Amino acid sequence: AQISIQNYSPVRVDRDGRRGGGSLLYIHTSLTYENAERFSDGTCEAVICTIGSIHTIVASIYRPPDASASQTKSLLDFLSDYLKTSEEKSYQDIILTGDLNLPNIDWETLTVLPTQGTEHSTSAQMLLEFMDDHLLSQVVKSPTRNHNILDIVLVNNDRIIQNVSSVPTCLSDHNLVSMDLTYNPTSPITHPLPDIEKHSFRSIDYHNCDYELICEQLGSIDWDELMGLCEDDEDGSDFLSLFNLTVLQILLINAPPKPRGKTITKNNKDMARFLTNAQRIIKIDDITPEQEEKWGEEECKARRILATAYRLTHYFGWDDIIYGHITARVPGHDDQILINPHGLHYTEITAASLLKIDTSGNIIDHGSTKFPFQPVGYTIHSAIHTSRPDLACVWHMHSRAGIALSAAVTKIQAVCQANVELPNISYHDYRGQILRDEDREPLSRDFPAPSKALVMRNHGLLTGGKTVEEAFTIMYFLHQTCQCYVDTGYLHSPVPHGKVLSREVLESSLEGSAECRHDTEYGVQEFEALARLLDYQGFQTGYPYSELSRSFLDSNKD
């Protein structure tokens, strides 16, 4: 029977023409549910919904003892369709609870016991296949009738489940099940791993997370057993799916570890999503000893820093496929510039792959790839590098928020704390694509010293700095300001007068910001923190860390 619970909202299915309350979920009002769907064929029932704040799908399901195999299939198909529809969204955790009245499953071996009739056996087999399709596992481990589980709690992420308890009740042969769900919304959400104990070829003995070990594990797959699991596979599709799942699991299990005792947290969803889902890591520092000797220590250091900057651009979601550039002068050679090869995605750019050109765009060194140099895309950078000898790095991006602001706002007003770091913002009107030498002069004129932030109207953002780290940090705060305009709606309506920060407040805040530098150059602290994050994930930046950062990294080695 339905009962009244304070602060909880019911999501339910009434059982047509039958006594009882039907499938019922109670969801606390602090967890607003959405996309609720209900299923009832007069026999089986289910109610399912999503809770966006914890990225979770929850469902209550019911299958009576007299349900046929076809009715069971209809119920499971309904659940599968909902889960598949949600795959494109960020609802990554699944919790299905209820009663399927299938006591003929051995949950230790995941096999169907021959203790019931054909309909029950077929239904039980369909449930196991449904669980395998969606990587679900049974949480309840204590037996009820005949040492088999009647109460169903299926999840795809065991790591959110804690303190499971199951106790008999005096009212039925079912148990009362309770558990704690643990969420950390500031941590990256990870996809669940398949059950590595289900088949022996998935049981992987690993010690260190390195790629030599991954190759060994790929080479140790039991092909006979893998083929045996696909005996009825006529077109090879089952074998291919199973093989891909095996390889995927090996890669996920052997992802480089986080530092011991530390939790990496991110506010940026794009960055967290990429880091947690990365299956192929292209290390940043790929400079060989021969290249180190050819380029010299200082140029190699600049290459590693600049390649790290390209990776961070992607992880923050500022990149535009293969377009946009970050350029940096070669130390000791003000007329030589490092730039990305045209055609490489930002996740593919490495220290050795960077091209070296002169300020006129002539190639000095192709780097380690055969990808070409794009002289047209370099026009913007050549203009700034020529007119602004004070800038060693020029950073030009086409981020969504930056384009939106450049197209909608005539002049940025100080509306958030990020503006403290942007005392001199310049503006350049759009005159078409900057392709020719005659386009350079207007751009240079609109970006005079001491400005280090430029809004290129109807185009994007550009920043410069004495170092790559400074140009990055200015770009970060400029993008934060653009995002603030997008989030608050100031792109479409004037900023209220009382919301604009005064010049006095900005200047005093800037002085306070300078006191937090701890004797480091502008942007180094921020950039080092993000470079450490990449190194924790195994990207091997080769970044020339300060002694403080190096000591911290050493203390967190496994």
# chains A, B, ... in the order shown; residues from 1 in each chain; ligands from 1

call {"tool": "residues_around", "arguments": {"residues": "Leu454 in chain A", "least_positions_apart": "3", "cutoff": "7 Å", "atoms": "only C-alpha atoms", "output": "ChimeraX atom specification"}}
result
/A:425-427,447,461-463

call {"tool": "write_last_selection", "arguments": {"atoms": "C-alpha atoms", "output": "PDB file, in the first residue's frame"}}
result
ATOM      1  CA  ILE A 425      41.387  44.737 -23.000  1.00  0.00           C
ATOM      2  CA  SER A 426      41.732  45.795 -26.647  1.00  0.00           C
ATOM      3  CA  TYR A 427      39.296  45.319 -29.545  1.00  0.00           C
ATOM      4  CA  PHE A 447      46.703  45.642 -30.014  1.00  0.00           C
ATOM      5  CA  LEU A 461      39.937  35.817 -28.552  1.00  0.00           C
ATOM      6  CA  LEU A 462      43.666  36.526 -28.504  1.00  0.00           C
ATOM      7  CA  THR A 463      46.086  36.946 -25.623  1.00  0.00           C
TER       8      THR A 463
END

call {"tool": "residues_around", "arguments": {"residues": "Val415 in chain A", "least_positions_apart": "6", "cutoff": "9 Å", "atoms": "only C-alpha atoms", "output": "MDAnalysis selection string"}}
result
chainID A and resid 481 484:485 495 499:501

call {"tool": "write_last_selection", "arguments": {"atoms": "N, CA, C and O atoms", "output": "tab-separated table (two decimals), in the first residue's frame"}}
result
chain	number	residue	atom	x	y	z
A	481	THR	N	35.41	35.43	-18.22
A	481	THR	CA	34.56	36.61	-18.38
A	481	THR	C	33.53	36.39	-19.48
A	481	THR	O	32.34	36.71	-19.31
A	484	CYS	N	30.89	34.12	-18.22
A	484	CYS	CA	30.01	34.84	-17.30
A	484	CYS	C	28.93	35.60	-18.08
A	484	CYS	O	27.75	35.58	-17.71
A	485	TYR	N	29.33	36.26	-19.17
A	485	TYR	CA	28.35	36.96	-20.00
A	485	TYR	C	27.32	35.98	-20.58
A	485	TYR	O	26.12	36.27	-20.63
A	495	VAL	N	24.12	45.21	-19.01
A	495	VAL	CA	24.51	44.90	-17.64
A	495	VAL	C	23.94	45.98	-16.72
A	495	VAL	O	24.14	47.18	-16.95
A	499	LYS	N	25.73	46.33	-11.14
A	499	LYS	CA	26.49	45.07	-11.22
A	499	LYS	C	27.90	45.27	-11.79
A	499	LYS	O	28.68	44.31	-11.84
A	500	VAL	N	28.23	46.47	-12.23
A	500	VAL	CA	29.54	46.73	-12.81
A	500	VAL	C	30.52	47.09	-11.69
A	500	VAL	O	30.26	47.99	-10.87
A	501	LEU	N	31.68	46.39	-11.66
A	501	LEU	CA	32.68	46.65	-10.63
A	501	LEU	C	33.39	47.97	-10.92
A	501	LEU	O	33.72	48.28	-12.06

call {"tool": "residues_around", "arguments": {"residues": "Glu438 in chain A", "least_positions_apart": "4", "cutoff": "12 Å", "atoms": "only C-alpha atoms", "output": "number ranges by chain"}}
result
A: 379-380, 383, 431, 433-434, 442-444

call {"tool": "atom_distance", "arguments": {"atom1": "CA of Tyr490 in chain A", "atom2": "CA of Val505 in chain A"}}
result
20.9 Å

call {"tool": "residues_around", "arguments": {"residues": "His28 in chain A", "least_positions_apart": "4", "cutoff": "8 Å", "atoms": "only C-alpha atoms", "output": "PyMOL selection string"}}
result
chain A and resi 7-9+32

call {"tool": "closest_atom_pairs", "arguments": {"of": "range 424-511 of chain A", "to": "range 396-402 of chain A", "cutoff": "12 Å", "atoms": "only C-alpha atoms", "output": "tab-separated table"}}
result
residue	atom	partner	partner_atom	distance
A:Lys452	CA	A:His396	CA	11.7
A:Ala453	CA	A:His396	CA	10.1
A:Leu454	CA	A:His396	CA	9.3
A:Val455	CA	A:Gly402	CA	8.2
A:Met456	CA	A:Gly402	CA	9.2
A:Arg457	CA	A:Gly402	CA	9.5
A:Asn458	CA	A:Gly402	CA	9.3
A:His459	CA	A:His398	CA	7.0
A:Gly460	CA	A:His398	CA	4.9
A:Leu461	CA	A:Met397	CA	5.5
A:Leu462	CA	A:His396	CA	4.3
A:Thr463	CA	A:His396	CA	6.6
A:Gly464	CA	A:His396	CA	8.8
A:Gly465	CA	A:His396	CA	11.9
A:Ala471	CA	A:His396	CA	9.8
A:Phe472	CA	A:His396	CA	10.1
A:Ile474	CA	A:His396	CA	11.6
A:Met475	CA	A:Met397	CA	8.8
A:Tyr476	CA	A:Gly402	CA	10.9
A:Phe477	CA	A:Gly402	CA	11.3
A:Leu478	CA	A:Gly402	CA	8.3
A:His479	CA	A:Gly402	CA	6.3
A:Gln480	CA	A:Ala401	CA	8.8
A:Thr481	CA	A:Gly402	CA	9.0
A:Cys482	CA	A:Ala401	CA	5.5
A:Gln483	CA	A:Ala401	CA	5.5
A:Cys484	CA	A:Ala401	CA	8.9
A:Tyr485	CA	A:Ala401	CA	8.4
A:Val486	CA	A:Ala401	CA	6.7
A:Asp487	CA	A:Ala401	CA	9.5
A:Gly489	CA	A:Ala401	CA	11.9
A:Leu491	CA	A:Ala401	CA	10.2

call {"tool": "atom_distance", "arguments": {"atom1": "CA of Ile51 in chain A", "atom2": "CA of Phe78 in chain A"}}
result
18.6 Å

call {"tool": "residues_around", "arguments": {"residues": "Thr288 in chain A", "least_positions_apart": "3", "cutoff": "12 Å", "atoms": "only C-alpha atoms", "output": "VMD selection string"}}
result
chain A and resid 285 291 to 296 300 350 to 353 367 to 368

call {"tool": "write_last_selection", "arguments": {"atoms": "N, CA and C atoms", "output": "JSON list (two decimals), in the first residue's frame"}}
result
[["chain", "number", "residue", "atom", "x", "y", "z"],
["A", 285, "ASP", "N", 55.87, 14.80, -24.07],
["A", 285, "ASP", "CA", 57.33, 14.91, -24.22],
["A", 285, "ASP", "C", 57.85, 13.70, -24.99],
["A", 291, "GLN", "N", 67.24, 14.66, -30.96],
["A", 291, "GLN", "CA", 66.56, 15.95, -31.11],
["A", 291, "GLN", "C", 66.98, 16.92, -30.01],
["A", 292, "GLU", "N", 67.16, 16.40, -28.80],
["A", 292, "GLU", "CA", 67.60, 17.24, -27.68],
["A", 292, "GLU", "C", 68.96, 17.87, -28.00],
["A", 293, "GLU", "N", 69.83, 17.07, -28.60],
["A", 293, "GLU", "CA", 71.15, 17.59, -28.95],
["A", 293, "GLU", "C", 71.04, 18.61, -30.08],
["A", 294, "LYS", "N", 70.15, 18.38, -31.05],
["A", 294, "LYS", "CA", 70.01, 19.28, -32.20],
["A", 294, "LYS", "C", 69.39, 20.61, -31.79],
["A", 295, "TRP", "N", 68.34, 20.57, -30.98],
["A", 295, "TRP", "CA", 67.60, 21.79, -30.65],
["A", 295, "TRP", "C", 68.16, 22.52, -29.44],
["A", 296, "GLY", "N", 68.79, 21.81, -28.54],
["A", 296, "GLY", "CA", 69.32, 22.44, -27.35],
["A", 296, "GLY", "C", 68.32, 22.43, -26.20],
["A", 300, "CYS", "N", 64.08, 22.85, -26.32],
["A", 300, "CYS", "CA", 63.31, 21.67, -25.94],
["A", 300, "CYS", "C", 62.38, 21.99, -24.77],
["A", 350, "THR", "N", 52.65, 17.18, -30.02],
["A", 350, "THR", "CA", 53.68, 16.82, -29.06],
["A", 350, "THR", "C", 54.83, 17.83, -29.15],
["A", 351, "ALA", "N", 55.76, 17.70, -28.22],
["A", 351, "ALA", "CA", 56.89, 18.63, -28.21],
["A", 351, "ALA", "C", 57.72, 18.54, -29.49],
["A", 352, "ALA", "N", 57.92, 17.32, -29.97],
["A", 352, "ALA", "CA", 58.77, 17.15, -31.15],
["A", 352, "ALA", "C", 58.04, 17.48, -32.45],
["A", 353, "SER", "N", 56.69, 17.47, -32.44],
["A", 353, "SER", "CA", 55.94, 17.68, -33.68],
["A", 353, "SER", "C", 55.85, 19.16, -34.06],
["A", 367, "GLY", "N", 60.04, 19.61, -37.65],
["A", 367, "GLY", "CA", 59.67, 18.79, -36.51],
["A", 367, "GLY", "C", 59.60, 17.33, -36.89],
["A", 368, "SER", "N", 58.86, 16.54, -36.12],
["A", 368, "SER", "CA", 58.88, 15.08, -36.29],
["A", 368, "SER", "C", 57.80, 14.56, -37.22]]

call {"tool": "select_by_dssp", "arguments": {"residues": "range 312-513 of chain A", "states": "strand (DSSP E or B)", "output": "count of residues only"}}
result
41

call {"tool": "atom_distance", "arguments": {"atom1": "CA of Thr182 in chain A", "atom2": "CA of His55 in chain A"}}
result
12.2 Å

call {"tool": "closest_residue", "arguments": {"among": "A:Thr488, A:Thr467, A:Gln525, A:Ser86", "to": "Arg329 in chain A", "atoms": "only C-alpha atoms"}}
result
A:Thr467

call {"tool": "closest_residue", "arguments": {"among": "A:Ala531, A:Ala414, A:Ile160, A:Ile403", "to": "Thr313 in chain A", "atoms": "only C-alpha atoms"}}
result
A:Ala531

call {"tool": "residues_around", "arguments": {"residues": "Ile27 in chain A", "least_positions_apart": "2", "cutoff": "12 Å", "atoms": "only C-alpha atoms", "output": "PyMOL selection string"}}
result
chain A and resi 5-12+24-25+29-34+36+48-51+57-60
